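The next block is start-v3.cif, given as mmCIF, C-alpha atoms and all ligand atoms.
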```cif
data_work
loop_
_atom_site.label_atom_id
_atom_site.label_comp_id
_atom_site.auth_asym_id
_atom_site.auth_seq_id
_atom_site.Cartn_x
_atom_site.Cartn_y
_atom_site.Cartn_z
CA MET A 976 -11.08 -28.41 34.36
CA PRO A 977 -12.59 -31.85 33.82
CA LEU A 978 -10.09 -34.09 32.05
CA ASP A 979 -12.69 -36.12 30.24
CA GLY A 980 -12.92 -34.13 27.00
CA ASN A 981 -16.31 -34.16 25.34
CA ASN A 982 -16.52 -37.63 23.89
CA ASN A 983 -18.97 -39.87 25.68
CA PHE A 984 -19.00 -42.93 23.44
CA GLN A 985 -18.57 -45.97 25.64
CA GLN A 986 -17.26 -49.23 24.31
CA THR A 987 -19.98 -51.83 23.83
CA LEU A 988 -19.39 -54.98 25.83
CA HIS A 989 -19.04 -58.35 24.11
CA PRO A 990 -18.06 -61.72 25.56
CA MET A 991 -14.29 -61.46 24.86
CA LEU A 992 -13.82 -57.86 25.96
CA PRO A 993 -11.92 -57.56 29.25
CA LYS A 994 -14.34 -55.76 31.54
CA PRO A 995 -12.73 -53.29 33.92
CA SER A 996 -13.47 -53.31 37.63
CA LEU A 997 -14.44 -49.93 39.04
CA GLU A 998 -10.85 -49.13 39.96
CA GLU A 999 -9.51 -50.30 36.62
CA ALA A 1000 -12.18 -48.28 34.84
CA GLU A 1001 -11.03 -45.18 36.73
CA ARG A 1002 -7.42 -45.73 35.72
CA GLN A 1003 -8.43 -46.40 32.12
CA SER A 1004 -10.62 -43.34 32.05
CA PHE A 1005 -7.75 -41.27 33.44
CA ALA A 1006 -5.36 -42.48 30.72
CA LYS A 1007 -7.94 -41.80 27.99
CA SER A 1008 -8.76 -38.37 29.39
CA LEU A 1009 -5.11 -37.46 29.82
CA ARG A 1010 -4.61 -38.05 26.10
CA GLY A 1011 -7.54 -35.78 25.35
CA TYR A 1012 -6.26 -33.14 27.74
CA ILE A 1013 -2.79 -33.12 26.15
CA GLN A 1014 -4.32 -32.65 22.72
CA LYS A 1015 -6.80 -30.00 23.70
CA ALA A 1016 -4.92 -28.03 26.35
CA ILE A 1017 -1.20 -28.51 25.69
CA LEU A 1018 -0.76 -29.13 21.98
CA PRO A 1019 -2.30 -25.83 20.77
CA ASP A 1020 0.47 -23.81 22.45
CA LEU A 1021 3.27 -25.62 20.64
CA GLU A 1022 3.01 -23.45 17.54
CA PRO A 1023 3.13 -20.13 19.46
CA VAL A 1024 6.23 -21.44 21.27
CA TYR A 1025 7.72 -22.34 17.91
CA GLN A 1026 6.97 -18.96 16.35
CA ALA A 1027 8.02 -16.91 19.36
CA ARG A 1028 11.23 -18.71 20.24
CA ALA A 1029 12.32 -21.84 18.42
CA ALA A 1030 12.05 -20.53 14.85
CA LYS A 1031 13.88 -17.32 15.75
CA ARG A 1032 16.67 -19.21 17.49
CA PHE A 1033 17.08 -21.48 14.44
CA GLU A 1034 17.25 -18.47 12.15
CA LYS A 1035 19.90 -16.85 14.31
CA GLU A 1036 21.97 -20.03 14.31
CA THR A 1037 21.67 -20.90 10.62
CA GLY A 1038 20.81 -17.70 8.80
CA HIS A 1039 17.53 -19.12 7.47
CA SER A 1040 14.19 -20.14 8.91
CA PRO A 1041 13.38 -23.86 9.30
CA ARG A 1042 12.64 -25.26 5.86
CA ASP A 1043 10.94 -28.54 6.66
CA ARG A 1044 9.60 -30.67 9.50
CA HIS A 1045 13.06 -32.05 10.20
CA GLU A 1046 14.53 -28.59 10.78
CA ILE A 1047 11.52 -27.64 12.89
CA ARG A 1048 12.23 -30.73 15.01
CA LYS A 1049 15.91 -29.79 15.37
CA THR A 1050 14.99 -26.58 17.09
CA MET A 1051 11.81 -27.65 18.88
CA VAL A 1052 13.50 -30.49 20.77
CA LYS A 1053 15.42 -27.81 22.67
CA GLU A 1054 12.20 -26.24 23.98
CA PRO A 1055 11.17 -27.31 27.52
CA TYR A 1056 7.50 -26.88 26.56
CA PHE A 1057 7.89 -29.34 23.69
CA GLN A 1058 9.90 -31.72 25.87
CA ALA A 1059 7.12 -31.70 28.46
CA TYR A 1060 4.48 -32.26 25.75
CA ALA A 1061 6.34 -35.19 24.19
CA ALA A 1062 7.08 -36.81 27.55
CA LEU A 1063 3.51 -36.46 28.75
CA ASN A 1064 2.19 -37.93 25.53
CA ARG A 1065 4.43 -40.95 25.93
CA ILE A 1066 3.46 -41.36 29.58
CA ALA A 1067 -0.24 -41.27 28.69
CA GLN A 1068 0.35 -43.88 26.00
CA GLU A 1069 2.17 -46.22 28.37
CA LEU A 1070 -0.41 -45.68 31.11
CA LEU A 1071 -3.28 -46.67 28.89
CA TRP A 1072 -1.79 -50.03 27.95
CA LEU A 1073 -0.82 -50.75 31.56
CA SER A 1074 -4.32 -49.95 32.77
CA VAL A 1075 -5.67 -52.65 30.41
CA ILE A 1076 -3.00 -55.26 31.17
CA GLU A 1077 -3.90 -55.34 34.86
CA SER A 1078 -7.53 -55.82 33.91
CA ILE A 1079 -6.74 -58.73 31.57
CA ASP A 1080 -4.46 -60.39 34.12
CA ARG A 1081 -7.24 -60.34 36.72
CA GLN A 1082 -9.79 -62.04 34.46
CA TYR A 1083 -7.50 -64.16 32.31
CA ASP A 1084 -8.95 -67.53 33.38
CA GLN A 1085 -12.48 -66.37 32.78
CA LEU A 1086 -11.60 -65.01 29.32
CA SER A 1087 -9.85 -68.31 28.51
CA ALA A 1088 -13.01 -70.21 29.38
CA THR A 1089 -15.09 -67.88 27.19
CA ALA A 1090 -12.57 -68.34 24.37
CA LYS A 1091 -12.97 -72.12 24.56
CA SER A 1092 -16.72 -71.85 24.41
CA LEU A 1093 -16.65 -69.50 21.40
CA ALA A 1094 -13.93 -71.09 19.24
CA ASN A 1095 -15.48 -72.09 15.91
CA LYS A 1096 -19.03 -71.35 17.08
CA VAL A 1097 -19.79 -68.85 14.31
CA GLY A 1098 -17.36 -68.19 11.45
CA SER A 1099 -13.90 -69.73 11.47
CA TYR A 1100 -10.23 -69.02 11.94
CA LYS A 1101 -6.95 -70.46 10.81
CA VAL A 1102 -3.60 -69.85 12.46
CA ASP A 1103 -0.25 -71.47 11.90
CA ARG A 1104 2.49 -71.57 14.53
CA ALA A 1105 5.12 -72.08 11.82
CA PHE A 1106 4.14 -68.76 10.17
CA THR A 1107 6.71 -65.97 10.54
CA PRO A 1108 5.24 -62.45 10.69
CA PRO A 1109 7.30 -59.80 8.89
CA ASN A 1110 10.09 -58.11 10.76
CA TYR A 1111 8.42 -54.67 10.57
CA VAL A 1112 5.63 -56.05 12.78
CA THR A 1113 7.73 -57.93 15.32
CA ALA A 1114 10.90 -55.80 15.60
CA LEU A 1115 9.29 -53.34 17.99
CA ASP A 1116 6.21 -52.77 20.10
CA ILE A 1117 4.17 -50.70 17.64
CA HIS A 1118 2.53 -47.67 19.27
CA CYS A 1119 4.14 -48.83 22.53
CA MET A 1120 1.74 -51.74 23.04
CA PRO A 1121 3.70 -53.90 25.49
CA GLY A 1122 4.79 -57.17 23.88
CA GLY A 1123 3.61 -56.01 20.46
CA TYR A 1124 1.06 -57.65 18.18
CA ALA A 1125 2.73 -61.05 18.17
CA GLN A 1126 3.15 -61.61 21.90
CA ASN A 1127 2.40 -65.23 22.71
CA THR A 1128 1.39 -66.76 26.02
CA GLY A 1129 1.82 -70.32 24.71
CA ASP A 1130 -1.83 -71.18 25.50
CA ASP A 1131 -3.80 -73.38 23.12
CA ILE A 1132 -6.11 -70.51 22.27
CA GLU A 1133 -3.85 -67.50 21.98
CA PHE A 1134 -5.91 -64.33 22.52
CA ALA A 1135 -4.23 -62.04 25.11
CA ALA A 1136 -2.61 -59.55 22.71
CA GLY A 1137 -5.98 -59.23 20.97
CA ALA A 1138 -7.78 -58.44 24.21
CA LEU A 1139 -5.14 -55.82 25.00
CA TYR A 1140 -5.54 -54.28 21.57
CA ASP A 1141 -9.35 -54.22 21.75
CA ARG A 1142 -9.68 -52.31 25.00
CA GLY A 1143 -6.40 -50.39 24.52
CA VAL A 1144 -7.33 -49.06 21.11
CA TYR A 1145 -10.67 -47.83 22.41
CA LEU A 1146 -8.77 -45.74 24.98
CA TYR A 1147 -6.03 -44.80 22.49
CA SER A 1148 -8.58 -43.42 20.05
CA MET A 1149 -10.32 -41.71 22.96
CA GLY A 1150 -13.54 -43.45 22.02
CA TYR A 1151 -13.61 -41.95 18.53
CA GLY A 1152 -13.61 -45.45 17.06
CA GLY A 1153 -17.22 -45.67 18.23
CA PRO A 1154 -18.88 -48.21 20.53
CA PHE A 1155 -17.57 -51.13 18.45
CA ASN A 1156 -14.19 -49.59 17.60
CA ASP A 1157 -15.27 -49.97 13.98
CA ASP A 1158 -15.36 -46.39 12.71
CA LYS A 1159 -12.86 -46.95 9.92
CA GLY A 1160 -14.76 -49.90 8.48
CA ARG A 1161 -18.08 -48.14 8.96
CA SER A 1162 -16.80 -44.97 7.28
CA VAL A 1163 -15.58 -46.87 4.21
CA VAL A 1164 -18.82 -48.85 4.09
CA ASN A 1165 -20.77 -45.56 4.16
CA TYR A 1166 -18.57 -44.31 1.36
CA ILE A 1167 -19.35 -47.40 -0.73
CA LYS A 1168 -23.07 -47.04 -0.02
CA ARG A 1169 -23.05 -43.44 -1.27
CA ASN A 1170 -20.60 -43.62 -4.13
CA LEU A 1171 -20.61 -47.16 -5.52
CA LYS A 1172 -24.33 -47.79 -5.38
CA GLU A 1173 -24.34 -50.58 -7.97
CA PHE A 1174 -21.43 -52.42 -6.43
CA ALA A 1175 -22.43 -55.69 -4.75
CA PRO A 1176 -19.32 -57.69 -3.90
CA LYS A 1177 -19.72 -61.40 -3.24
CA THR A 1178 -16.23 -61.94 -1.86
CA ILE A 1179 -14.48 -59.41 0.37
CA LEU A 1180 -11.02 -59.40 1.93
CA ASP A 1181 -9.91 -57.14 4.79
CA MET A 1182 -6.11 -57.00 5.06
CA GLY A 1183 -4.30 -56.27 8.34
CA CYS A 1184 -7.53 -56.75 10.24
CA ALA A 1185 -5.97 -56.90 13.75
CA ILE A 1186 -8.92 -57.86 15.98
CA GLY A 1187 -11.30 -57.77 13.03
CA HIS A 1188 -13.29 -54.81 14.34
CA SER A 1189 -13.33 -52.87 11.07
CA THR A 1190 -14.31 -56.00 9.14
CA LEU A 1191 -17.77 -56.45 10.64
CA PRO A 1192 -19.51 -53.48 8.96
CA TYR A 1193 -18.81 -55.12 5.56
CA LYS A 1194 -20.80 -58.18 6.55
CA GLU A 1195 -23.54 -55.85 7.76
CA LEU A 1196 -23.72 -54.01 4.41
CA PHE A 1197 -23.25 -57.15 2.30
CA PRO A 1198 -24.82 -59.95 4.35
CA ASP A 1199 -24.65 -62.45 1.48
CA ALA A 1200 -20.97 -61.89 0.79
CA LYS A 1201 -18.29 -64.26 1.99
CA VAL A 1202 -16.03 -62.07 4.10
CA PHE A 1203 -12.38 -62.94 4.81
CA ALA A 1204 -9.94 -61.02 6.97
CA ILE A 1205 -6.23 -61.60 7.44
CA ASP A 1206 -3.49 -60.56 9.79
CA VAL A 1207 0.04 -61.75 10.42
CA THR A 1208 -0.14 -62.60 14.12
CA GLU A 1209 -1.79 -65.52 15.84
CA PRO A 1210 -3.26 -63.72 18.87
CA LEU A 1211 -4.90 -61.03 16.75
CA VAL A 1212 -6.40 -63.46 14.26
CA THR A 1213 -7.61 -65.72 17.07
CA TYR A 1214 -9.13 -62.88 19.06
CA ALA A 1215 -10.71 -61.43 15.91
CA HIS A 1216 -12.53 -64.71 15.40
CA LEU A 1217 -13.59 -65.01 19.06
CA ARG A 1218 -14.82 -61.42 19.09
CA ALA A 1219 -16.87 -61.86 15.90
CA ALA A 1220 -18.20 -65.20 17.15
CA GLY A 1221 -19.23 -63.53 20.42
CA LEU A 1222 -21.10 -60.93 18.38
CA GLY A 1223 -22.61 -63.66 16.19
CA VAL A 1224 -21.01 -62.55 12.91
CA ASP A 1225 -19.76 -65.05 10.32
CA ILE A 1226 -16.30 -64.04 9.09
CA THR A 1227 -13.31 -66.17 8.07
CA TYR A 1228 -10.16 -64.91 9.82
CA GLU A 1229 -6.80 -66.26 8.68
CA GLN A 1230 -3.15 -65.73 9.50
CA ARG A 1231 -1.69 -64.57 6.19
CA ASN A 1232 0.66 -61.91 4.89
CA ALA A 1233 -0.94 -59.16 2.77
CA GLU A 1234 2.24 -59.00 0.68
CA ASP A 1235 1.73 -62.57 -0.47
CA THR A 1236 -1.57 -64.00 0.72
CA GLY A 1237 -1.51 -67.35 -1.02
CA TYR A 1238 -5.11 -66.93 -2.26
CA PRO A 1239 -5.64 -67.74 -5.96
CA ASP A 1240 -5.71 -64.95 -8.58
CA ALA A 1241 -9.02 -63.08 -8.92
CA SER A 1242 -10.46 -64.37 -5.63
CA PHE A 1243 -12.16 -61.17 -4.47
CA ASP A 1244 -14.53 -58.44 -5.64
CA LEU A 1245 -13.40 -56.04 -2.93
CA VAL A 1246 -10.10 -55.81 -1.04
CA VAL A 1247 -9.89 -53.29 1.79
CA SER A 1248 -7.58 -52.29 4.62
CA HIS A 1249 -7.78 -49.82 7.46
CA ILE A 1250 -4.62 -48.21 8.81
CA LEU A 1251 -2.55 -51.16 7.62
CA LEU A 1252 -0.35 -49.38 5.10
CA HIS A 1253 1.45 -47.07 7.54
CA GLU A 1254 2.43 -50.09 9.64
CA THR A 1255 4.18 -51.89 6.79
CA SER A 1256 7.41 -50.67 5.19
CA GLY A 1257 8.76 -48.94 2.09
CA LYS A 1258 9.35 -52.32 0.44
CA ALA A 1259 6.20 -54.05 1.68
CA LEU A 1260 3.67 -51.35 0.76
CA PRO A 1261 4.13 -51.61 -3.04
CA ARG A 1262 3.97 -55.40 -2.72
CA VAL A 1263 0.65 -55.15 -0.88
CA LEU A 1264 -0.76 -53.00 -3.70
CA LYS A 1265 0.43 -55.52 -6.29
CA GLU A 1266 -1.12 -58.33 -4.31
CA CYS A 1267 -4.43 -56.47 -4.19
CA HIS A 1268 -4.36 -56.13 -7.97
CA ARG A 1269 -3.65 -59.84 -8.37
CA LEU A 1270 -6.40 -60.84 -5.94
CA LEU A 1271 -9.12 -58.73 -7.51
CA LYS A 1272 -11.57 -59.95 -10.10
CA PRO A 1273 -11.89 -57.73 -13.19
CA GLY A 1274 -13.78 -54.57 -12.23
CA GLY A 1275 -13.17 -55.20 -8.52
CA TYR A 1276 -12.20 -52.46 -6.09
CA MET A 1277 -9.25 -51.93 -3.76
CA ILE A 1278 -9.85 -49.47 -0.92
CA HIS A 1279 -7.24 -48.58 1.70
CA ALA A 1280 -8.17 -46.18 4.49
CA ASP A 1281 -5.19 -44.62 6.17
CA LEU A 1282 -3.52 -41.41 7.20
CA PRO A 1283 -3.65 -38.36 4.97
CA PRO A 1284 -0.52 -37.59 2.96
CA PHE A 1285 1.70 -34.70 4.03
CA ALA A 1286 1.05 -32.96 0.71
CA ASN A 1287 -1.63 -30.50 1.81
CA MET A 1288 -0.35 -29.64 5.27
CA THR A 1289 1.85 -26.96 6.72
CA GLU A 1290 5.37 -27.96 7.72
CA PHE A 1291 4.45 -27.40 11.35
CA MET A 1292 1.52 -29.78 11.06
CA ARG A 1293 3.81 -32.36 9.47
CA PHE A 1294 6.24 -31.95 12.34
CA ILE A 1295 3.46 -32.53 14.90
CA LEU A 1296 2.15 -35.64 13.18
CA ASP A 1297 5.65 -36.98 12.69
CA ASN A 1298 6.07 -37.14 16.45
CA GLU A 1299 4.49 -40.59 16.13
CA THR A 1300 7.57 -41.72 14.20
CA TYR A 1301 9.89 -40.50 16.90
CA TYR A 1302 8.08 -41.19 20.16
CA ASN A 1303 5.39 -43.79 19.54
CA ALA A 1304 7.25 -46.69 17.90
CA GLU A 1305 5.66 -46.06 14.49
CA PRO A 1306 8.79 -46.05 12.29
CA PHE A 1307 6.98 -45.85 8.94
CA TRP A 1308 4.47 -43.16 9.99
CA GLY A 1309 6.23 -40.14 8.46
CA ALA A 1310 7.78 -41.89 5.45
CA MET A 1311 4.44 -43.38 4.39
CA ARG A 1312 2.86 -39.92 4.26
CA GLU A 1313 5.46 -38.89 1.71
CA MET A 1314 4.72 -41.75 -0.67
CA ASN A 1315 2.62 -41.23 -3.76
CA LEU A 1316 0.02 -43.96 -3.40
CA VAL A 1317 -1.64 -43.12 -6.71
CA ASP A 1318 1.60 -43.67 -8.63
CA LEU A 1319 2.33 -46.82 -6.69
CA SER A 1320 -1.14 -48.17 -7.47
CA ALA A 1321 -0.58 -47.50 -11.15
CA LYS A 1322 2.72 -49.38 -10.92
CA ALA A 1323 0.82 -52.21 -9.25
CA GLY A 1324 -1.29 -52.54 -12.39
CA PHE A 1325 -4.38 -50.38 -11.81
CA PRO A 1326 -5.40 -48.12 -14.72
CA LYS A 1327 -4.32 -44.56 -13.87
CA ASP A 1328 -7.78 -43.09 -14.53
CA LYS A 1329 -9.31 -45.56 -12.07
CA ILE A 1330 -7.23 -44.51 -9.06
CA MET A 1331 -8.00 -41.70 -6.65
CA MET A 1332 -7.44 -40.42 -3.14
CA THR A 1333 -10.47 -39.05 -1.34
CA THR A 1334 -11.94 -38.60 2.13
CA ALA A 1335 -14.49 -40.89 3.72
CA PRO A 1336 -16.18 -38.83 6.45
CA MET A 1337 -15.90 -40.40 9.89
CA ALA A 1338 -19.07 -42.38 10.51
CA ILE A 1339 -19.00 -41.45 14.16
CA ARG A 1340 -19.02 -37.74 13.41
CA GLU A 1341 -21.88 -38.15 10.99
CA PHE A 1342 -23.72 -40.03 13.70
CA ALA A 1343 -23.02 -37.29 16.22
CA GLY A 1344 -24.01 -34.67 13.64
CA ARG A 1345 -27.34 -36.37 13.01
CA ALA A 1346 -27.93 -36.57 16.76
CA LYS A 1347 -27.52 -32.79 16.82
CA GLY A 1348 -30.17 -32.45 14.16
CA TYR A 1349 -28.16 -32.07 10.96
CA ASP A 1350 -30.10 -34.24 8.60
CA SER A 1351 -28.67 -33.11 5.30
CA GLY A 1352 -25.45 -31.65 4.09
CA ILE A 1353 -23.61 -33.12 7.05
CA VAL A 1354 -21.10 -34.85 4.82
CA ASP A 1355 -20.24 -31.58 3.09
CA GLN A 1356 -19.94 -29.80 6.40
CA LEU A 1357 -17.62 -32.48 7.68
CA ALA A 1358 -15.50 -32.48 4.56
CA LYS A 1359 -14.99 -28.73 4.82
CA ARG A 1360 -14.08 -28.81 8.48
CA GLU A 1361 -10.51 -27.81 9.17
CA PHE A 1362 -8.14 -30.49 10.43
CA LYS A 1363 -6.66 -29.79 13.83
CA ALA A 1364 -3.39 -31.46 14.74
CA GLY A 1365 -3.88 -34.12 17.35
CA GLU A 1366 -7.28 -35.22 16.09
CA PHE A 1367 -7.53 -38.93 15.68
CA ALA A 1368 -8.79 -38.80 12.12
CA PRO A 1369 -7.70 -35.59 10.43
CA GLY A 1370 -10.25 -33.54 8.56
CA ALA A 1371 -13.02 -35.47 10.27
CA GLY A 1372 -12.54 -38.25 7.77
CA TRP A 1373 -10.35 -41.15 6.74
CA GLU A 1374 -8.13 -40.71 3.74
CA VAL A 1375 -8.97 -43.43 1.27
CA LEU A 1376 -7.04 -44.74 -1.70
CA ILE A 1377 -9.50 -46.25 -4.16
CA ALA A 1378 -8.64 -48.10 -7.33
CA GLN A 1379 -10.67 -50.25 -9.68
CA LYS A 1380 -9.13 -53.12 -11.57
CA GLU A 1381 -9.59 -53.07 -15.34
CA THR A 1382 -12.70 -54.88 -16.50
CA ALA A 1383 -12.05 -58.00 -18.55
C1 LIG A 1401 -3.03 -50.56 13.10
S1 LIG A 1401 -3.43 -52.23 12.89
C2 LIG A 1401 -4.89 -52.06 11.93
C3 LIG A 1401 -6.11 -52.56 12.61
C4 LIG A 1401 -7.39 -52.59 11.89
N1 LIG A 1401 -7.33 -52.87 10.48
C5 LIG A 1401 -8.23 -51.35 12.14
O1 LIG A 1401 -9.13 -51.14 11.38
O2 LIG A 1401 -7.96 -50.63 13.10
C6 LIG A 1401 -2.38 -52.81 11.63
C7 LIG A 1401 -2.46 -54.33 11.53
O3 LIG A 1401 -1.84 -54.74 10.33
C8 LIG A 1401 -1.19 -55.95 10.58
N2 LIG A 1401 -0.20 -56.14 9.52
C9 LIG A 1401 0.96 -55.47 9.34
N3 LIG A 1401 1.59 -55.92 8.25
C10 LIG A 1401 0.79 -56.88 7.71
C11 LIG A 1401 0.90 -57.70 6.56
N4 LIG A 1401 1.94 -57.66 5.76
N5 LIG A 1401 -0.10 -58.57 6.32
C12 LIG A 1401 -1.18 -58.64 7.12
N6 LIG A 1401 -1.33 -57.88 8.21
C13 LIG A 1401 -0.35 -57.02 8.52
C14 LIG A 1401 -0.64 -55.80 11.97
O4 LIG A 1401 -0.35 -57.05 12.55
C15 LIG A 1401 -1.77 -55.06 12.66
O5 LIG A 1401 -2.67 -55.92 13.24
#
```
Represent the structure from my file as structure tokens, please.
Ligand SMILES: C[S@@+](CC[C@H](N)C(=O)[O-])C[C@H]1O[C@@H](n2cnc3c(N)ncnc32)[C@H](O)[C@@H]1O
Amino acid sequence: MPLDGNNNFQQTLHPMLPKPSLEEAERQSFAKSLRGYIQKAILPDLEPVYQARAAKRFEKETGHSPRDRHEIRKTMVKEPYFQAYAALNRIAQELLWLSVIESIDRQYDQLSATAKSLANKVGSYKVDRAFTPPNYVTALDIHCMPGGYAQNTGDDIEFAAGALYDRGVYLYSMGYGGPFNDDKGRSVVNYIKRNLKEFAPKTILDMGCAIGHSTLPYKELFPDAKVFAIDVTEPLVTYAHLRAAGLGVDITYEQRNAEDTGYPDASFDLVVSHILLHETSGKALPRVLKECHRLLKPGGYMIHADLPPFANMTEFMRFILDNETYYNAEPFWGAMREMNLVDLSAKAGFPKDKIMMTTAPMAIREFAGRAKGYDSGIVDQLAKREFKAGEFAPGAGWEVLIAQKETA
């Protein structure tokens, strides 16, 4: 059985992207394919194992069937099939980062030279070595990325962690981020195009931008807008700028904390984020929402694309997704899905009738759908599609929290 799934999107090259040699490309492709294989060939049998053995054993031991994802975990961790699944998943995750690190090491000097030539060419960036990123970002290597987001080499232009993230995340998402790794941004932008037709923001902020990949589609849709993007670590902000400069896009990247950005009140018409919230913390998330409210002009929009809440899923599905909390250094993954983001947004100051959760269909799936000849109704088809555990973006779309600030 070929390991390489059915996703053929290749990452588009740009000047700062570490380019794999043939051997490195093979190792990277193996790691990416192994992830796909685990999800397609191994994961689907977890539930039958649970039903046939683990649930019954739990019932025998306790007198009741497992009531929630935590009780399902208690019994599933005893199953050799689950143990093999979890171990293999972790191995694939570690392999993918390692396969990129060797590639960066080999071409580090060349990438450094490119970085020097691109710094401040188009757009700008601002980093501050006295800035302290929050503990929830630096305390562990999130999703097992070696060294984490804040890893510093001490070089004048600090970009290595960004390069690792750029190529690594393409493999991690098995290519479903699209050729520019920008599917989340592109999906939200498509949502705005369809649903907020009159909205023409002049100032846009992307929070937790990492390497700034999701930010670029906003400049594409609103070319006259001034687009800012922030993150808390120096290498990500630096690389984000170099990447955008290499692609010729004018964005201002800055090292700032989304909980307390330091921008003046009412600075932006649109504040967005993409998979930032689940990497913050129970205390930080409400602060980020409050900060969004403060930063918005009257009538401005806040849009956060992230993981779907647990609310409409089976307990078994919740258990599967929660494996990220336990085995992929994502401590806030499960807890965030239990939070009521609508209530929290209301507490942050947004009018209750101007807050909603909805799905922005994945741009990449729409693109693939159109390529197959669906020219209309594709969005509805995608929205109705059933979510399968292990898919990168459940339900073929990104869950978006949208709120509009009261008009003056
Ligand atoms: C999963 S990455 C998101 C990457 C990107 N937005 C995307 O579209 O894929 C989460 C990012 O949020 C950043 N982050 C976490 N807490 C933050 C905070 N309080 N302020 C700004 N950025 C933060 C992390 O450093 C990391 O780069």
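All residues of protein, DNA or RNA that reach within 7 Å of stretch 1055-1065 of chain A, judged by all atoms listed in the file and not counting those fewer than 5 positions away in the chain, are A:Arg1010, A:Ile1013, A:Ile1017, A:Leu1021, A:Tyr1302.
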Collect all residues with atoms no farther than 8 Å from ligand LIG 1401 (chain A), counting only C-alpha atoms and all ligand atoms, and output them as a PDB file with C-alpha atoms, keeping the file's coordinate frame.
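result-v8.pdb was written with the following content:
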```pdb
ATOM      1  CA  PRO A1108       5.240 -62.450  10.690  1.00  0.00           C
ATOM      2  CA  PRO A1109       7.300 -59.800   8.890  1.00  0.00           C
ATOM      3  CA  TYR A1111       8.420 -54.670  10.570  1.00  0.00           C
ATOM      4  CA  VAL A1112       5.630 -56.050  12.780  1.00  0.00           C
ATOM      5  CA  TYR A1124       1.060 -57.650  18.180  1.00  0.00           C
ATOM      6  CA  ALA A1125       2.730 -61.050  18.170  1.00  0.00           C
ATOM      7  CA  ASN A1156     -14.190 -49.590  17.600  1.00  0.00           C
ATOM      8  CA  ASP A1157     -15.270 -49.970  13.980  1.00  0.00           C
ATOM      9  CA  ASP A1158     -15.360 -46.390  12.710  1.00  0.00           C
ATOM     10  CA  LYS A1159     -12.860 -46.950   9.920  1.00  0.00           C
ATOM     11  CA  GLY A1160     -14.760 -49.900   8.480  1.00  0.00           C
ATOM     12  CA  ASP A1181      -9.910 -57.140   4.790  1.00  0.00           C
ATOM     13  CA  MET A1182      -6.110 -57.000   5.060  1.00  0.00           C
ATOM     14  CA  GLY A1183      -4.300 -56.270   8.340  1.00  0.00           C
ATOM     15  CA  CYS A1184      -7.530 -56.750  10.240  1.00  0.00           C
ATOM     16  CA  ALA A1185      -5.970 -56.900  13.750  1.00  0.00           C
ATOM     17  CA  ILE A1186      -8.920 -57.860  15.980  1.00  0.00           C
ATOM     18  CA  GLY A1187     -11.300 -57.770  13.030  1.00  0.00           C
ATOM     19  CA  HIS A1188     -13.290 -54.810  14.340  1.00  0.00           C
ATOM     20  CA  SER A1189     -13.330 -52.870  11.070  1.00  0.00           C
ATOM     21  CA  THR A1190     -14.310 -56.000   9.140  1.00  0.00           C
ATOM     22  CA  ILE A1205      -6.230 -61.600   7.440  1.00  0.00           C
ATOM     23  CA  ASP A1206      -3.490 -60.560   9.790  1.00  0.00           C
ATOM     24  CA  VAL A1207       0.040 -61.750  10.420  1.00  0.00           C
ATOM     25  CA  THR A1208      -0.140 -62.600  14.120  1.00  0.00           C
ATOM     26  CA  LEU A1211      -4.900 -61.030  16.750  1.00  0.00           C
ATOM     27  CA  GLN A1230      -3.150 -65.730   9.500  1.00  0.00           C
ATOM     28  CA  ARG A1231      -1.690 -64.570   6.190  1.00  0.00           C
ATOM     29  CA  ASN A1232       0.660 -61.910   4.890  1.00  0.00           C
ATOM     30  CA  ALA A1233      -0.940 -59.160   2.770  1.00  0.00           C
ATOM     31  CA  GLU A1234       2.240 -59.000   0.680  1.00  0.00           C
ATOM     32  CA  ASP A1235       1.730 -62.570  -0.470  1.00  0.00           C
ATOM     33  CA  THR A1236      -1.570 -64.000   0.720  1.00  0.00           C
ATOM     34  CA  SER A1248      -7.580 -52.290   4.620  1.00  0.00           C
ATOM     35  CA  HIS A1249      -7.780 -49.820   7.460  1.00  0.00           C
ATOM     36  CA  ILE A1250      -4.620 -48.210   8.810  1.00  0.00           C
ATOM     37  CA  LEU A1251      -2.550 -51.160   7.620  1.00  0.00           C
ATOM     38  CA  LEU A1252      -0.350 -49.380   5.100  1.00  0.00           C
ATOM     39  CA  HIS A1253       1.450 -47.070   7.540  1.00  0.00           C
ATOM     40  CA  GLU A1254       2.430 -50.090   9.640  1.00  0.00           C
ATOM     41  CA  THR A1255       4.180 -51.890   6.790  1.00  0.00           C
ATOM     42  CA  ALA A1259       6.200 -54.050   1.680  1.00  0.00           C
ATOM     43  CA  VAL A1263       0.650 -55.150  -0.880  1.00  0.00           C
TER      44      VAL A1263
END
```
Edge lengths and centre in Å, axis-aligned, stretch 1135-1138 of chain A plus 3 Å each side, as JSON:
```
{"center_x": -5.2, "center_y": -60.2, "center_z": 23.0, "size_x": 11.2, "size_y": 9.6, "size_z": 10.1}
```
Residues near A:Asn1298, cut-off 10 Å, all atoms listed in the file, skip fewer than 6 positions along chain, as number ranges by chain: A: 1048, 1061, 1064, 1304-1305, 1308-1309
Answer as a PyMOL selection string, residues within 8 Å of (-11.5, -62.1, 26.9) using only C-alpha atoms: chain A and resi 990-993+1079+1082-1083+1085-1087+1089-1090+1134-1135+1138
Selected residue, from A:Gly1221, A:Gly1324, A:Pro1019, A:Pro1284, that lies nearest to A:Asp1297 when counting all atoms listed in the file: A:Pro1284
